[in-house]
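One file, query12.cif, is given below (mmCIF, C-alpha atoms).
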data_work
#
loop_
_atom_site.group_PDB
_atom_site.id
_atom_site.type_symbol
_atom_site.label_atom_id
_atom_site.label_comp_id
_atom_site.auth_asym_id
_atom_site.auth_seq_id
_atom_site.Cartn_x
_atom_site.Cartn_y
_atom_site.Cartn_z
ATOM 1 C CA MET J 1 75.729 126.460 155.154
ATOM 2 C CA SER J 2 76.264 123.722 157.751
ATOM 3 C CA VAL J 3 73.299 121.751 156.344
ATOM 4 C CA LEU J 4 74.933 121.722 152.899
ATOM 5 C CA ALA J 5 78.264 120.648 154.399
ATOM 6 C CA ASP J 6 76.484 117.918 156.375
ATOM 7 C CA VAL J 7 74.689 116.594 153.259
ATOM 8 C CA LYS J 8 77.950 116.660 151.296
ATOM 9 C CA SER J 9 79.752 114.787 154.061
ATOM 10 C CA ARG J 10 77.021 112.131 154.271
ATOM 11 C CA LEU J 11 76.998 111.628 150.486
ATOM 12 C CA ALA J 12 80.788 111.288 150.436
ATOM 13 C CA GLY J 13 80.579 108.739 153.257
ATOM 14 C CA LEU J 14 77.904 106.755 151.405
ATOM 15 C CA ALA J 15 80.002 106.795 148.235
ATOM 16 C CA ARG J 16 83.083 105.542 150.114
ATOM 17 C CA SER J 17 81.020 102.845 151.805
ATOM 18 C CA GLU J 18 79.556 101.636 148.488
ATOM 19 C CA THR J 19 82.997 101.653 146.875
ATOM 20 C CA ASP J 20 84.455 99.594 149.731
ATOM 21 C CA ARG J 21 81.589 97.075 149.650
ATOM 22 C CA TYR J 22 81.752 96.773 145.866
ATOM 23 C CA GLY J 23 85.519 96.340 145.568
ATOM 24 C CA GLY J 24 86.121 94.152 148.585
ATOM 25 C CA ASP J 25 89.883 93.707 148.934
ATOM 26 C CA GLU J 26 90.613 95.117 145.479
ATOM 27 C CA GLU J 27 90.594 98.827 144.669
ATOM 28 C CA ARG J 28 87.875 99.632 142.148
ATOM 29 C CA PRO J 29 87.973 103.326 141.173
ATOM 30 C CA LEU J 30 84.213 103.827 140.901
ATOM 31 C CA GLY J 31 84.593 107.609 141.074
ATOM 32 C CA GLY J 32 87.041 107.476 138.177
ATOM 33 C CA TYR J 33 84.636 105.295 136.221
ATOM 34 C CA LEU J 34 81.868 107.823 136.863
ATOM 35 C CA GLY J 35 84.222 110.521 135.592
ATOM 36 C CA THR J 36 84.975 108.669 132.364
ATOM 37 C CA MET J 37 81.265 107.977 131.820
ATOM 38 C CA ALA J 38 80.518 111.659 132.404
ATOM 39 C CA ALA J 39 83.275 112.667 129.959
ATOM 40 C CA TYR J 40 81.937 110.257 127.314
ATOM 41 C CA SER J 41 78.395 111.547 127.831
ATOM 42 C CA ALA J 42 79.619 115.139 127.515
ATOM 43 C CA VAL J 43 81.452 114.316 124.276
ATOM 44 C CA VAL J 44 78.362 112.628 122.817
ATOM 45 C CA ALA J 45 76.142 115.535 123.911
ATOM 46 C CA ALA J 46 78.555 118.055 122.371
ATOM 47 C CA LEU J 47 78.689 116.078 119.120
ATOM 48 C CA ALA J 48 74.897 115.870 119.044
ATOM 49 C CA GLY J 49 74.648 119.614 119.676
ATOM 50 C CA VAL J 50 77.136 120.460 116.937
ATOM 51 C CA THR J 51 75.395 118.069 114.554
ATOM 52 C CA ARG J 52 72.042 119.670 115.241
ATOM 53 C CA ALA J 53 73.397 123.239 115.079
ATOM 54 C CA THR J 54 75.095 122.603 111.738
ATOM 55 C CA ARG J 55 72.048 120.716 110.405
ATOM 56 C CA ARG J 56 74.137 117.749 109.307
ATOM 57 C CA ASP J 57 72.408 114.743 107.833
ATOM 58 C CA ILE J 58 72.605 111.648 109.975
ATOM 59 C CA PRO J 59 72.583 108.372 108.059
ATOM 60 C CA ASP J 60 69.606 106.120 108.754
ATOM 61 C CA ALA J 61 71.830 103.058 108.704
ATOM 62 C CA LEU J 62 75.124 101.784 107.381
ATOM 63 C CA GLY J 63 75.273 99.241 104.619
ATOM 64 C CA ALA J 64 76.782 95.833 105.326
ATOM 65 C CA ARG J 65 80.071 96.734 103.589
ATOM 66 C CA ASP J 66 80.421 99.961 105.579
ATOM 67 C CA MET J 67 79.542 98.209 108.832
ATOM 68 C CA VAL J 68 82.261 95.606 108.280
ATOM 69 C CA LEU J 69 84.821 98.280 107.370
ATOM 70 C CA TYR J 70 83.887 100.381 110.414
ATOM 71 C CA ALA J 71 84.114 97.353 112.701
ATOM 72 C CA VAL J 72 87.543 96.387 111.330
ATOM 73 C CA ALA J 73 88.768 99.998 111.522
ATOM 74 C CA THR J 74 87.448 100.360 115.083
ATOM 75 C CA HIS J 75 89.208 97.144 116.088
ATOM 76 C CA LYS J 76 92.489 98.208 114.483
ATOM 77 C CA LEU J 77 92.525 101.738 115.899
ATOM 78 C CA SER J 78 91.545 100.449 119.350
ATOM 79 C CA ARG J 79 94.459 97.979 119.308
ATOM 80 C CA LEU J 80 96.840 100.676 118.069
ATOM 81 C CA LEU J 81 95.824 103.044 120.852
ATOM 82 C CA THR J 82 95.841 100.458 123.649
ATOM 83 C CA LYS J 83 98.664 98.067 122.755
ATOM 84 C CA ASP J 84 101.091 99.532 120.190
ATOM 85 C CA SER J 85 104.591 100.591 121.245
ATOM 86 C CA VAL J 86 104.376 103.813 119.208
ATOM 87 C CA THR J 87 101.383 105.001 121.244
ATOM 88 C CA SER J 88 102.937 104.019 124.592
ATOM 89 C CA PRO J 89 103.812 107.660 125.422
ATOM 90 C CA LEU J 90 100.062 108.350 125.560
ATOM 91 C CA ARG J 91 99.610 105.542 128.100
ATOM 92 C CA ALA J 92 102.832 106.125 130.084
ATOM 93 C CA PRO J 93 101.304 108.464 132.717
ATOM 94 C CA PHE J 94 98.812 105.717 133.582
ATOM 95 C CA THR J 95 100.734 102.468 133.056
ATOM 96 C CA SER J 96 104.001 100.646 133.706
ATOM 97 C CA TYR J 97 105.792 98.710 130.968
ATOM 98 C CA ARG J 98 105.912 94.954 131.655
ATOM 99 C CA GLY J 99 107.253 93.559 128.371
ATOM 100 C CA THR J 100 105.805 92.428 125.096
ATOM 101 C CA GLN J 101 102.586 90.573 124.533
ATOM 102 C CA GLY J 102 102.097 89.075 121.125
ATOM 103 C CA PRO J 103 103.454 90.432 117.870
ATOM 104 C CA ALA J 104 103.986 94.205 117.961
ATOM 105 C CA GLU J 105 102.035 94.674 121.188
ATOM 106 C CA LEU J 106 103.084 95.710 124.662
ATOM 107 C CA LYS J 107 102.079 94.338 128.022
ATOM 108 C CA GLU J 108 101.447 97.178 130.440
ATOM 109 C CA GLU J 109 100.150 97.277 133.975
ATOM 110 C CA VAL J 110 97.771 99.990 135.107
ATOM 111 C CA ARG J 111 99.136 102.073 137.964
ATOM 112 C CA GLY J 112 97.863 104.685 140.357
ATOM 113 C CA HIS J 113 94.586 105.157 142.178
ATOM 114 C CA GLY J 114 91.250 106.796 141.511
ATOM 115 C CA ALA J 115 91.010 108.686 138.225
ATOM 116 C CA GLN J 116 94.549 107.710 137.164
ATOM 117 C CA LYS J 117 93.693 104.028 137.527
ATOM 118 C CA ALA J 118 90.311 104.405 135.805
ATOM 119 C CA ILE J 119 91.886 106.185 132.823
ATOM 120 C CA GLY J 120 94.679 103.602 132.752
ATOM 121 C CA GLU J 121 92.140 100.790 132.600
ATOM 122 C CA LEU J 122 90.288 102.589 129.799
ATOM 123 C CA ILE J 123 93.349 103.232 127.630
ATOM 124 C CA THR J 124 94.806 99.740 128.019
ATOM 125 C CA CYS J 125 91.553 97.940 127.223
ATOM 126 C CA PRO J 126 90.807 97.616 123.497
ATOM 127 C CA PHE J 127 87.204 96.682 124.276
ATOM 128 C CA CYS J 128 86.695 99.824 126.387
ATOM 129 C CA THR J 129 88.492 102.122 123.971
ATOM 130 C CA SER J 130 86.540 100.772 121.003
ATOM 131 C CA VAL J 131 83.389 102.535 122.267
ATOM 132 C CA TRP J 132 85.193 105.882 122.087
ATOM 133 C CA VAL J 133 86.808 105.034 118.736
ATOM 134 C CA ALA J 134 83.516 103.949 117.152
ATOM 135 C CA THR J 135 81.857 107.134 118.406
ATOM 136 C CA GLY J 136 84.655 109.226 116.912
ATOM 137 C CA LEU J 137 84.461 107.415 113.585
ATOM 138 C CA MET J 138 80.694 107.855 113.406
ATOM 139 C CA ALA J 139 81.036 111.551 114.255
ATOM 140 C CA GLY J 140 83.646 111.767 111.515
ATOM 141 C CA LEU J 141 81.249 110.119 109.090
ATOM 142 C CA ILE J 142 78.722 112.877 109.805
ATOM 143 C CA HIS J 143 81.074 115.882 109.869
ATOM 144 C CA LEU J 144 84.023 114.871 107.642
ATOM 145 C CA PRO J 145 82.741 111.949 105.579
ATOM 146 C CA ARG J 146 85.434 111.834 102.879
ATOM 147 C CA THR J 147 88.323 112.144 105.329
ATOM 148 C CA THR J 148 86.766 109.614 107.691
ATOM 149 C CA ARG J 149 86.162 107.102 104.908
ATOM 150 C CA LEU J 150 89.809 107.449 103.856
ATOM 151 C CA ALA J 151 90.947 106.871 107.454
ATOM 152 C CA ILE J 152 88.624 103.883 107.793
ATOM 153 C CA ASP J 153 89.829 102.369 104.539
ATOM 154 C CA THR J 154 93.434 102.862 105.650
ATOM 155 C CA LEU J 155 92.811 101.232 109.039
ATOM 156 C CA ALA J 156 90.917 98.341 107.426
ATOM 157 C CA ALA J 157 93.738 97.827 104.900
ATOM 158 C CA THR J 158 96.257 97.819 107.743
ATOM 159 C CA ALA J 159 94.204 95.238 109.643
ATOM 160 C CA GLY J 160 94.056 93.124 106.479
ATOM 161 C CA ALA J 161 97.824 93.429 106.073
ATOM 162 C CA ASP J 162 98.231 92.305 109.699
ATOM 163 C CA MET J 163 96.182 89.182 108.964
ATOM 164 C CA LEU J 164 98.333 88.476 105.916
ATOM 165 C CA GLN J 165 101.475 88.869 108.067
ATOM 166 C CA PHE J 166 100.099 86.377 110.590
ATOM 167 C CA GLY J 167 99.159 83.981 107.794
ATOM 168 C CA TYR J 168 102.595 84.279 106.202
ATOM 169 C CA ALA J 169 104.336 83.655 109.524
ATOM 170 C CA TRP J 170 102.104 80.633 110.146
ATOM 171 C CA LEU J 171 102.854 79.194 106.678
ATOM 172 C CA GLU J 172 106.562 79.862 107.114
ATOM 173 C CA LYS J 173 106.554 78.040 110.439
ATOM 174 C CA ALA J 174 104.470 75.175 109.058
ATOM 175 C CA SER J 175 106.812 74.703 106.089
ATOM 176 C CA SER J 176 109.854 74.418 108.358
ATOM 177 C CA LEU J 177 108.371 71.526 110.342
ATOM 178 C CA PRO J 178 109.202 67.988 109.263
ATOM 179 C CA ALA J 179 106.463 66.068 107.526
ATOM 180 C CA PRO J 180 104.566 63.586 109.733
ATOM 181 C CA GLY J 181 106.472 60.346 110.075
ATOM 182 C CA VAL J 182 109.808 61.873 108.990
ATOM 183 C CA SER J 183 112.480 62.100 111.635
ATOM 184 C CA PHE J 184 115.814 63.817 111.533
ATOM 185 C CA PRO J 185 118.928 62.535 113.295
ATOM 186 C CA ARG J 186 119.418 64.272 116.618
ATOM 187 C CA ARG J 187 122.559 66.277 117.088
ATOM 188 C CA PRO J 188 124.107 66.818 120.480
ATOM 189 C CA ALA J 189 123.418 70.205 121.999
ATOM 190 C CA TRP J 190 127.153 70.974 122.212
ATOM 191 C CA PRO J 191 130.219 69.698 120.371
ATOM 192 C CA ARG J 192 131.582 66.514 121.894
ATOM 193 C CA ARG J 193 135.293 66.042 122.369
ATOM 194 C CA ASP J 194 136.634 62.552 122.514
ATOM 195 C CA ARG J 195 139.564 62.264 124.910
#
Starting from the file, lay out its structure as structure tokens.
Amino acid sequence: MSVLADVKSRLAGLARSETDRYGGDEERPLGGYLGTMAAYSAVVAALAGVTRATRRDIPDALGARDMVLYAVATHKLSRLLTKDSVTSPLRAPFTSYRGTQGPAELKEEVRGHGAQKAIGELITCPFCTSVWVATGLMAGLIHLPRTTRLAIDTLAATAGADMLQFGYAWLEKASSLPAPGVSFPRRPAWPRRDR
């Protein structure tokens, strides 16, 4: 039993040493990252097992149209999960609110240490979350294709509507600017009183 305890202690010491050397002065929750990678691997393995057990057909490839829709839907859902104010309760145990960042998005700071910090970094990073979202959408395509296609179409339409909103706001702002070479008389910032 003491040999096992000794090996465990040495491995823990090596892990701490590597973490310290890797992170330098900044805390990098490598153990938490390993945990999230293990969780993702377990989810993928479970999905593969269920797919095999239920003898579901796996598509050989997606067509160009589907690939674009899936990419847009993955982007939109990733942004909704990581930046939207409505989904902030999901991130609250791992983040602190710091204000707004862009239209309809929040700025949040990751808090905590270890696993809490690693999960916080995952759920505030649209790039990181998009891997999980894309995996979920592809699993949905295999197991619930009609429902998943409806969700993807809805997310893609929402992303398109967002682009139209940005375009409208840009045009509205551009139309309120004076034409080049046209100047307006300057008004004082406050009413002047002659005495």
(message) When you count only C-alpha atoms, which of these residues is closest to Tyr33 in chain J: J:Gly136, J:Gly49, J:Gly63, J:Gly120?
(response) J:Gly120
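Residue nearest Met37 in chain J, chosen from J:Leu144, J:Ile119, J:Leu137, J:Phe127 and counting all atoms listed in the file: J:Ile119.
Take the candidates J:Ser17, J:Leu122, J:Ala73, J:Arg10 and check each one against Ala156 in chain J using all atoms listed in the file; the shortest distance goes to J:Ala73.
Of the residues listed (J:Leu11, J:Ala71, J:Ile123, J:Leu47), J:Ile123 shows the shortest atom-to-atom separation from Thr87 in chain J; distances use only C-alpha atoms.
Rounded to one decimal, CA of Asp66 in chain J and CA of Thr147 in chain J lie 14.5 Å from each other.
Taking CA of Thr95 in chain J as the reference point, CA of Val43 in chain J is found at 24.3 Å.
Here the question is which of J:Gly13, J:Pro89, J:Arg111, J:Leu80 gets nearest to Glu27 in chain J using all atoms listed in the file, and that residue is J:Arg111.
Separating CA of Gly114 in chain J from CA of Glu18 in chain J is a distance of 14.6 Å.
Put simply, the PyMOL selection byres ((chain J and resi 104-109) around 8) on this file hits Lys83, Asp84, Ser85, Thr95, Ser96, Tyr97, Arg98, Gly99, Thr100, Gln101, Gly102, Pro103, Val110, Arg111 and Thr124 of chain J.
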(message) Selection in question (the file shown): the PyMOL selection byres ((chain J and resi 150-154) around 10). Which residues does it include, as a PyMOL selection string?
(response) chain J and resi 66+69-74+76-77+137+140-141+145-149+155-160
(request) Tell me which protein, DNA and RNA residues are within 8 Å of Pro126 in chain J, counting all atoms listed in the file, leaving out same-chain ones fewer than 5 positions away, and put them as a VMD selection string. (result) chain J and resid 75 78 to 79 81 to 83
Take every atom of range 116-126 of chain J listed in the file, pad by 6 Å on each side, and give me the axis-aligned box centre and edge lengths in Å, one decimal, as AutoDock Vina command-line options.
--center_x 92.5 --center_y 102.7 --center_z 130.5 --size_x 16.5 --size_y 22.1 --size_z 26.0
